[in-house]
>>> print(open('target03.cif').read())   # mmCIF, C-alpha atoms
data_target
loop_
_atom_site.label_atom_id
_atom_site.label_comp_id
_atom_site.auth_asym_id
_atom_site.auth_seq_id
_atom_site.Cartn_x
_atom_site.Cartn_y
_atom_site.Cartn_z
CA MET A 1 8.33 -49.25 -36.33
CA THR A 2 10.24 -48.36 -33.15
CA ARG A 3 8.25 -46.11 -30.91
CA PRO A 4 10.13 -42.85 -30.18
CA ARG A 5 10.48 -42.21 -26.45
CA SER A 6 10.37 -38.44 -26.81
CA PHE A 7 6.99 -36.84 -26.29
CA ARG A 8 8.04 -34.02 -28.59
CA VAL A 9 8.78 -36.46 -31.42
CA ARG A 10 5.50 -38.29 -30.87
CA LEU A 11 3.53 -35.08 -30.94
CA LEU A 12 5.36 -33.88 -34.06
CA LEU A 13 4.85 -37.13 -35.93
CA GLY A 14 1.22 -37.28 -34.93
CA SER A 15 0.61 -33.72 -36.04
CA ILE A 16 2.34 -34.28 -39.38
CA MET A 17 0.39 -37.46 -40.07
CA TRP A 18 -2.90 -35.95 -39.07
CA THR A 19 -2.35 -32.74 -41.04
CA GLY A 20 -1.04 -34.63 -44.10
CA GLY A 21 -4.00 -36.95 -44.12
CA LEU A 22 -6.43 -34.09 -43.68
CA LEU A 23 -4.83 -32.09 -46.51
CA PHE A 24 -4.84 -35.13 -48.80
CA VAL A 25 -8.52 -35.79 -48.12
CA GLY A 26 -9.33 -32.19 -48.82
CA HIS A 27 -7.23 -32.20 -52.01
CA VAL A 28 -8.76 -35.40 -53.39
CA THR A 29 -12.25 -34.25 -52.51
CA SER A 30 -11.79 -30.88 -54.18
CA ILE A 31 -10.43 -32.48 -57.38
CA ALA A 32 -13.30 -34.95 -57.51
CA LEU A 33 -15.85 -32.23 -57.02
CA ALA A 34 -14.25 -30.04 -59.65
CA HIS A 35 -13.92 -32.86 -62.21
CA TYR A 36 -17.25 -34.58 -61.87
CA TYR A 37 -19.48 -31.69 -60.95
CA PRO A 38 -22.49 -31.69 -61.07
CA VAL A 39 -22.38 -35.51 -60.93
CA VAL A 40 -19.82 -36.59 -58.38
CA ARG A 41 -18.40 -40.08 -58.97
CA LEU A 42 -15.37 -41.49 -57.20
CA ASN A 43 -13.12 -43.71 -59.32
CA HIS A 44 -10.76 -46.41 -57.99
CA MET A 45 -7.73 -44.12 -57.49
CA THR A 46 -9.81 -41.60 -55.62
CA LEU A 47 -11.06 -44.28 -53.25
CA VAL A 48 -7.51 -45.52 -52.69
CA GLY A 49 -6.39 -41.98 -51.95
CA VAL A 50 -9.17 -41.45 -49.46
CA ALA A 51 -8.32 -44.75 -47.75
CA VAL A 52 -4.64 -43.80 -47.51
CA ALA A 53 -5.55 -40.40 -46.14
CA LEU A 54 -7.82 -41.94 -43.54
CA GLY A 55 -5.02 -44.37 -42.65
CA PHE A 56 -2.65 -41.47 -42.05
CA MET A 57 -5.22 -39.71 -39.92
CA ILE A 58 -5.83 -42.81 -37.79
CA ALA A 59 -2.08 -43.40 -37.43
CA GLY A 60 -1.59 -39.80 -36.38
CA PHE A 61 -4.35 -40.06 -33.82
CA LEU A 62 -2.88 -43.28 -32.39
CA GLN A 63 0.59 -41.73 -32.29
CA MET A 64 -0.66 -38.77 -30.29
CA ARG A 65 -2.68 -41.02 -27.99
CA THR A 66 0.34 -43.21 -27.36
CA GLY A 67 2.43 -40.12 -26.68
CA LEU A 68 -0.02 -38.90 -24.06
CA SER A 69 -0.50 -42.26 -22.33
CA PRO A 70 2.63 -41.94 -20.11
CA PHE A 71 1.10 -38.85 -18.53
CA THR A 72 -2.01 -40.84 -17.62
CA GLU A 73 0.22 -43.48 -16.08
CA LEU A 74 2.21 -40.80 -14.23
CA ARG A 75 -0.98 -39.36 -12.77
CA SER A 76 -2.13 -42.81 -11.67
CA ARG A 77 1.18 -43.55 -9.95
CA LEU A 78 1.15 -40.18 -8.19
CA SER A 79 -2.31 -41.01 -6.86
CA SER A 80 -0.98 -44.38 -5.66
CA MET A 81 1.84 -42.63 -3.82
CA ARG A 82 -0.59 -40.22 -2.19
CA ASP A 83 -2.78 -43.13 -1.08
CA GLY A 84 0.21 -45.03 0.32
CA ARG A 85 0.21 -47.90 -2.21
CA GLU A 86 3.60 -46.98 -3.68
CA ARG A 87 6.71 -45.24 -2.40
CA ARG A 88 8.34 -44.24 -5.70
CA LEU A 89 7.43 -43.32 -9.27
CA GLU A 90 8.20 -46.46 -11.25
CA GLY A 91 8.14 -46.95 -15.02
CA GLU A 92 9.64 -45.31 -18.12
CA TYR A 93 8.45 -41.95 -19.36
CA PRO A 94 9.14 -39.65 -22.35
CA ALA A 95 12.59 -38.10 -22.54
CA GLU A 96 11.22 -34.68 -21.55
CA VAL A 97 9.57 -36.07 -18.40
CA GLN A 98 12.03 -38.76 -17.26
CA PRO A 99 14.55 -36.28 -15.73
CA LEU A 100 11.73 -34.77 -13.66
CA VAL A 101 10.67 -38.25 -12.49
CA ASN A 102 14.29 -39.10 -11.60
CA ASP A 103 14.69 -35.88 -9.61
CA LEU A 104 11.40 -36.50 -7.79
CA ASN A 105 12.47 -40.04 -6.87
CA ALA A 106 15.82 -38.70 -5.63
CA LEU A 107 13.98 -36.12 -3.53
CA LEU A 108 11.73 -38.84 -2.08
CA ASP A 109 14.78 -40.95 -1.21
CA GLN A 110 16.45 -37.97 0.45
CA ARG A 111 13.32 -37.17 2.43
CA GLU A 112 12.94 -40.77 3.57
CA GLN A 113 16.53 -40.79 4.78
CA ALA A 114 15.96 -37.50 6.61
CA VAL A 115 12.83 -38.92 8.27
CA THR A 116 14.72 -42.05 9.31
CA ARG A 117 17.47 -39.92 10.84
CA ALA A 118 14.90 -37.72 12.61
CA ILE A 119 13.17 -40.75 14.12
CA ALA A 120 16.53 -42.18 15.23
CA LYS A 121 17.47 -38.84 16.80
CA ALA A 122 14.12 -38.71 18.59
CA GLY A 123 14.82 -42.15 20.02
CA ASP A 124 18.31 -41.12 21.10
CA LEU A 125 16.91 -37.99 22.74
CA ALA A 126 14.30 -40.02 24.60
CA HIS A 127 16.95 -42.41 25.89
CA GLY A 128 19.27 -39.56 26.84
CA LEU A 129 16.56 -37.77 28.82
CA LYS A 130 14.88 -40.74 30.46
CA THR A 131 18.10 -42.17 31.88
CA PRO A 132 18.85 -39.16 34.15
CA LEU A 133 15.15 -38.98 35.02
CA ALA A 134 15.31 -42.57 36.23
CA VAL A 135 18.34 -41.64 38.35
CA LEU A 136 16.41 -38.72 39.87
CA ALA A 137 13.50 -41.05 40.65
CA GLN A 138 15.90 -43.37 42.47
CA GLU A 139 17.24 -40.45 44.44
CA ALA A 140 13.68 -39.50 45.39
CA GLU A 141 13.06 -43.02 46.64
CA ARG A 142 16.28 -42.88 48.65
CA ALA A 143 15.23 -39.56 50.19
CA ARG A 144 11.85 -41.02 51.07
CA ARG A 145 13.46 -43.96 52.87
CA SER A 146 15.64 -41.57 54.85
CA GLY A 147 12.59 -39.68 56.06
CA GLN A 148 12.78 -36.69 53.70
CA THR A 149 9.23 -37.19 52.45
CA GLU A 150 8.57 -33.64 51.27
CA ILE A 151 11.74 -33.52 49.18
CA ALA A 152 10.98 -36.95 47.72
CA GLU A 153 7.46 -35.93 46.75
CA ALA A 154 8.72 -32.71 45.15
CA ILE A 155 11.29 -34.63 43.10
CA ASP A 156 8.72 -37.25 42.08
CA GLN A 157 6.33 -34.54 40.98
CA GLN A 158 8.90 -32.80 38.80
CA VAL A 159 10.24 -36.07 37.38
CA ASP A 160 6.72 -37.14 36.46
CA ARG A 161 6.08 -33.79 34.85
CA MET A 162 9.29 -34.01 32.80
CA LYS A 163 8.49 -37.57 31.69
CA ARG A 164 5.07 -36.45 30.48
CA GLN A 165 6.57 -33.57 28.54
CA VAL A 166 9.22 -35.83 26.99
CA ASP A 167 6.66 -38.44 25.93
CA TYR A 168 4.31 -35.86 24.50
CA HIS A 169 6.81 -33.80 22.53
CA LEU A 170 8.74 -36.80 21.20
CA ALA A 171 5.54 -38.40 19.95
CA HIS A 172 4.50 -35.17 18.28
CA ALA A 173 7.96 -34.57 16.76
CA ARG A 174 8.12 -38.11 15.40
CA ALA A 175 4.68 -37.79 13.86
CA ALA A 176 5.48 -34.40 12.31
CA ALA A 177 8.62 -35.90 10.74
CA SER A 178 7.05 -39.06 9.40
CA GLY A 179 3.35 -38.36 9.04
CA ALA A 180 3.48 -37.09 5.46
CA ALA A 181 6.01 -39.67 4.25
CA PRO A 182 4.85 -41.10 0.91
CA GLY A 183 4.04 -44.79 0.83
CA ALA A 184 3.09 -45.01 4.51
CA ARG A 185 0.45 -47.69 4.99
CA CYS A 186 -0.69 -49.60 8.05
CA ALA A 187 -3.42 -52.21 8.53
CA VAL A 188 -5.75 -51.22 11.36
CA GLU A 189 -6.48 -54.83 12.36
CA GLU A 190 -2.80 -55.72 12.76
CA SER A 191 -2.11 -52.73 14.99
CA ALA A 192 -5.30 -53.12 17.06
CA ASP A 193 -4.79 -56.86 17.65
CA GLY A 194 -1.24 -56.36 18.93
CA ILE A 195 -2.21 -53.61 21.36
CA ALA A 196 -5.30 -55.50 22.56
CA ARG A 197 -3.21 -58.60 23.39
CA THR A 198 -0.80 -56.49 25.44
CA LEU A 199 -3.56 -54.73 27.39
CA ARG A 200 -5.39 -58.00 28.09
CA ARG A 201 -2.27 -59.25 29.84
CA LEU A 202 -1.77 -56.00 31.75
CA HIS A 203 -5.37 -55.98 33.02
CA ALA A 204 -5.78 -59.74 33.41
CA GLU A 205 -6.60 -59.45 37.12
CA ARG A 206 -9.61 -57.21 36.33
CA GLY A 207 -11.04 -59.65 33.79
CA LEU A 208 -11.51 -57.01 31.11
CA THR A 209 -12.83 -58.16 27.74
CA ILE A 210 -11.25 -56.32 24.81
CA GLN A 211 -12.99 -57.13 21.55
CA VAL A 212 -11.49 -56.12 18.18
CA ASP A 213 -13.85 -56.03 15.20
CA VAL A 214 -11.89 -54.63 12.25
CA PRO A 215 -12.09 -55.83 8.61
CA PRO A 216 -8.71 -57.05 7.28
CA ASP A 217 -8.77 -54.63 4.32
CA HIS A 218 -9.05 -51.48 6.43
CA ALA A 219 -5.76 -49.58 6.17
CA VAL A 220 -4.68 -45.99 6.74
CA PRO A 221 -1.74 -44.01 5.28
CA ALA A 222 0.14 -43.80 8.59
CA GLN A 223 3.35 -45.09 10.09
CA ARG A 224 2.83 -48.20 12.20
CA GLU A 225 4.41 -46.51 15.26
CA ASP A 226 2.00 -43.58 15.02
CA LEU A 227 -1.10 -45.73 14.59
CA ASP A 228 0.04 -47.85 17.55
CA GLU A 229 0.44 -44.64 19.57
CA MET A 230 -3.07 -43.47 18.76
CA LEU A 231 -4.83 -46.79 19.29
CA GLY A 232 -2.72 -47.54 22.35
CA ASN A 233 -3.72 -44.29 24.04
CA LEU A 234 -7.41 -44.78 23.20
CA LEU A 235 -7.48 -48.37 24.44
CA ASP A 236 -5.42 -47.57 27.51
CA ASN A 237 -7.78 -44.76 28.41
CA ALA A 238 -10.76 -47.09 27.95
CA CYS A 239 -9.11 -49.74 30.14
CA LYS A 240 -8.71 -47.25 33.01
CA TRP A 241 -12.43 -46.55 33.13
CA ALA A 242 -14.14 -49.69 31.79
CA ARG A 243 -15.95 -51.99 34.19
CA SER A 244 -15.74 -55.17 32.13
CA ARG A 245 -15.89 -54.63 28.37
CA ILE A 246 -14.13 -52.61 25.65
CA THR A 247 -14.89 -52.80 21.93
CA LEU A 248 -12.72 -51.48 19.09
CA SER A 249 -14.33 -51.46 15.66
CA SER A 250 -13.84 -49.70 12.34
CA ALA A 251 -16.01 -48.71 9.39
CA ARG A 252 -15.34 -47.21 6.00
CA ARG A 253 -16.97 -43.90 5.19
CA ALA A 254 -17.47 -42.99 1.54
CA GLN A 255 -17.83 -39.22 1.96
CA ASN A 256 -14.98 -36.77 1.33
CA GLY A 257 -12.82 -39.19 -0.64
CA GLY A 258 -13.14 -42.05 1.83
CA ALA A 259 -12.09 -42.44 5.45
CA ILE A 260 -11.64 -45.10 8.11
CA VAL A 261 -13.58 -44.41 11.31
CA ILE A 262 -12.11 -46.30 14.29
CA THR A 263 -14.43 -46.46 17.30
CA VAL A 264 -13.45 -47.41 20.86
CA ASP A 265 -16.34 -48.02 23.27
CA ASP A 266 -16.20 -48.82 26.99
CA ASP A 267 -18.83 -49.57 29.63
CA GLY A 268 -17.40 -47.22 32.25
CA PRO A 269 -19.02 -44.19 33.89
CA GLY A 270 -18.69 -42.08 30.76
CA LEU A 271 -17.83 -38.40 30.57
CA PRO A 272 -20.10 -35.34 30.81
CA PRO A 273 -20.48 -33.44 27.52
CA SER A 274 -18.95 -30.33 29.10
CA MET A 275 -15.69 -32.23 29.72
CA ARG A 276 -15.31 -33.96 26.35
CA GLU A 277 -13.62 -31.06 24.61
CA ARG A 278 -11.47 -30.19 27.62
CA VAL A 279 -9.91 -33.63 27.99
CA LEU A 280 -8.57 -33.36 24.44
CA GLN A 281 -6.43 -30.45 25.60
CA ARG A 282 -2.87 -31.12 26.68
CA GLY A 283 -2.44 -32.08 30.32
CA VAL A 284 -6.15 -32.12 31.25
CA ARG A 285 -7.56 -35.21 32.97
CA ALA A 286 -11.17 -36.05 33.72
CA ASP A 287 -10.18 -37.19 37.20
CA GLU A 288 -6.92 -36.16 38.80
CA ALA A 289 -7.07 -39.26 41.01
CA ALA A 290 -6.96 -41.61 38.02
CA PRO A 291 -3.62 -42.90 36.76
CA GLY A 292 -2.09 -41.30 33.70
CA SER A 293 -0.52 -38.05 32.61
CA GLY A 294 -3.46 -36.39 30.89
CA PHE A 295 -1.47 -36.28 27.65
CA GLY A 296 -2.86 -39.44 26.01
CA LEU A 297 -5.89 -37.98 24.24
CA ALA A 298 -3.96 -34.81 23.36
CA ILE A 299 -1.30 -36.97 21.67
CA VAL A 300 -4.03 -38.77 19.71
CA ARG A 301 -5.48 -35.42 18.65
CA ASP A 302 -2.11 -34.07 17.47
CA LEU A 303 -1.19 -37.28 15.64
CA ALA A 304 -4.59 -37.33 13.95
CA ASP A 305 -4.05 -33.73 12.81
CA VAL A 306 -0.72 -34.70 11.23
CA TYR A 307 -2.50 -37.32 9.13
CA ASN A 308 -5.44 -35.04 8.22
CA GLY A 309 -7.70 -36.89 10.62
CA SER A 310 -9.69 -36.04 13.73
CA ILE A 311 -10.89 -37.40 17.06
CA ALA A 312 -14.21 -36.86 18.76
CA LEU A 313 -15.74 -38.06 22.03
CA ASP A 314 -19.35 -39.12 22.49
CA SER A 315 -21.58 -41.36 24.59
CA SER A 316 -21.15 -45.08 24.04
CA PRO A 317 -24.07 -47.48 23.53
CA ASP A 318 -22.40 -49.57 26.26
CA GLY A 319 -23.00 -46.76 28.74
CA GLY A 320 -19.48 -45.34 28.89
CA LEU A 321 -17.39 -43.19 26.59
CA ARG A 322 -17.01 -43.54 22.84
CA ALA A 323 -13.83 -42.26 21.16
CA ARG A 324 -14.15 -41.88 17.39
CA LEU A 325 -10.85 -41.61 15.46
CA THR A 326 -11.22 -40.68 11.78
CA LEU A 327 -8.26 -41.14 9.40
CA PRO A 328 -7.96 -41.12 5.58
CA ALA A 329 -8.32 -44.54 3.99
CA CYS A 330 -5.76 -46.23 1.75
#
>>> encode(input="target03.cif", output="structure tokens")
Amino acid sequence: MTRPRSFRVRLLLGSIMWTGGLLFVGHVTSIALAHYYPVVRLNHMTLVGVAVALGFMIAGFLQMRTGLSPFTELRSRLSSMRDGRERRLEGEYPAEVQPLVNDLNALLDQREQAVTRAIAKAGDLAHGLKTPLAVLAQEAERARRSGQTEIAEAIDQQVDRMKRQVDYHLAHARAAASGAAPGARCAVEESADGIARTLRRLHAERGLTIQVDVPPDHAVPAQREDLDEMLGNLLDNACKWARSRITLSSARRAQNGGAIVITVDDDGPGLPPSMRERVLQRGVRADEAAPGSGFGLAIVRDLADVYNGSIALDSSPDGGLRARLTLPAC
């Protein structure tokens, strides 16, 4: 028997079979009771009728169960998309549901294309703004060589301020465009290892030790660029203050549907509790004499918000600062 693809047909057939079997059982039972009362005895035909009726009832139940199974599969695939394991709704569904699935897949494709265009536009905007800023920086250096120190310092200050604003807002815009994209998935270990290798080379003369302790199966539903941005800012901040050692580790938390907690510890001077909330604000630095724009931790905070995560600062067992980044787990 060919299985009908329409949920309506399956439900109708199942209802007919179930109702027919139930009516037949009731009819046979009533005849037997009426004929043999007060001594009820079931002859061969009656037993055959009951068996046929039960067969119809079982077939009707299976038909309805089979008709409902695509909805269970649909729910499972939607959960996989939410968790980042799939990017589209695959499979065949009943005729009443398939058009909805097709429209949803088309909407997902359209959104992915829009996100790709938005990211490309953000890159073009960054290039278009940074090129004239580099020219202004060269002009400031030329003014400094000609003895116009005050003008050069004023230009440098404004150029630096504009660069910080560009970096911050482009990172936030890119995250807002891509953060909720279905199917996004990134391994924490892969991102952390790449950034740690780069920072080891940059700080080779200081002899910093950057240890990465992340299980291979830890992944978060984030774009690779955004996770690199968050981990890069946290590790870069730790490198500025660490004396000799930085540790990045991650753990899986079972509460609230599961989460990956990424911890970055350094052995630097640490940060007073009164300053920990302030440095997460845009443009605030713990020490104005230290290098950096003061936007790094604020970018991490905003990116974490996009992905329904959070960041918190605490004291590190190594004596310095501990940054704890919490993101949903895949």
>>> resolve_selection(input="target03.cif", expression="the PyMOL selection byres ((chain A and resi 326) around 9)", output="PyMOL selection string")
chain A and resi 259-263+304+308-312+324-325+327-328
>>> residues_around(input="target03.cif", residues="Ala126 in chain A", least_positions_apart="5", cutoff="9 Å", atoms="all atoms listed in the file", output="ChimeraX atom specification")
/A:121,131,166-167,170
>>> residues_around(input="target03.cif", residues="Ile246 in chain A", least_positions_apart="3", cutoff="8 Å", atoms="all atoms listed in the file", output="ChimeraX atom specification")
/A:208-211,235,238-239,242,264-267
>>> atom_distance(input="target03.cif", atom1="CA of Trp18 in chain A", atom2="CA of Leu68 in chain A")
15.6 Å
>>> resolve_selection(input="target03.cif", expression="the PyMOL selection byres ((chain A and resi 215) around 9)", output="short mmCIF file (atom, residue, chain, number, x, y, z; two decimals) with C-alpha atoms, keeping the file's coordinate frame")
data_model
loop_
_atom_site.label_atom_id
_atom_site.label_comp_id
_atom_site.auth_asym_id
_atom_site.auth_seq_id
_atom_site.Cartn_x
_atom_site.Cartn_y
_atom_site.Cartn_z
CA VAL A 188 -5.75 -51.22 11.36
CA GLU A 189 -6.48 -54.83 12.36
CA ASP A 213 -13.85 -56.03 15.20
CA VAL A 214 -11.89 -54.63 12.25
CA PRO A 216 -8.71 -57.05 7.28
CA ASP A 217 -8.77 -54.63 4.32
CA HIS A 218 -9.05 -51.48 6.43
CA SER A 249 -14.33 -51.46 15.66
CA SER A 250 -13.84 -49.70 12.34
CA ALA A 251 -16.01 -48.71 9.39
#
>>> resolve_selection(input="target03.cif", expression="the PyMOL selection byres ((chain A and resi 237) around 10)", output="PyMOL selection string")
chain A and resi 231-236+238-242+264+266+291-292+294+296-297+321+323
>>> residues_around(input="target03.cif", residues="Ala222 in chain A", least_positions_apart="6", cutoff="6 Å", atoms="only C-alpha atoms", output="list in words")
Ala184, Arg185 and Cys186 of chain A
>>> atom_distance(input="target03.cif", atom1="CA of Lys130 in chain A", atom2="CA of Met230 in chain A")
21.6 Å
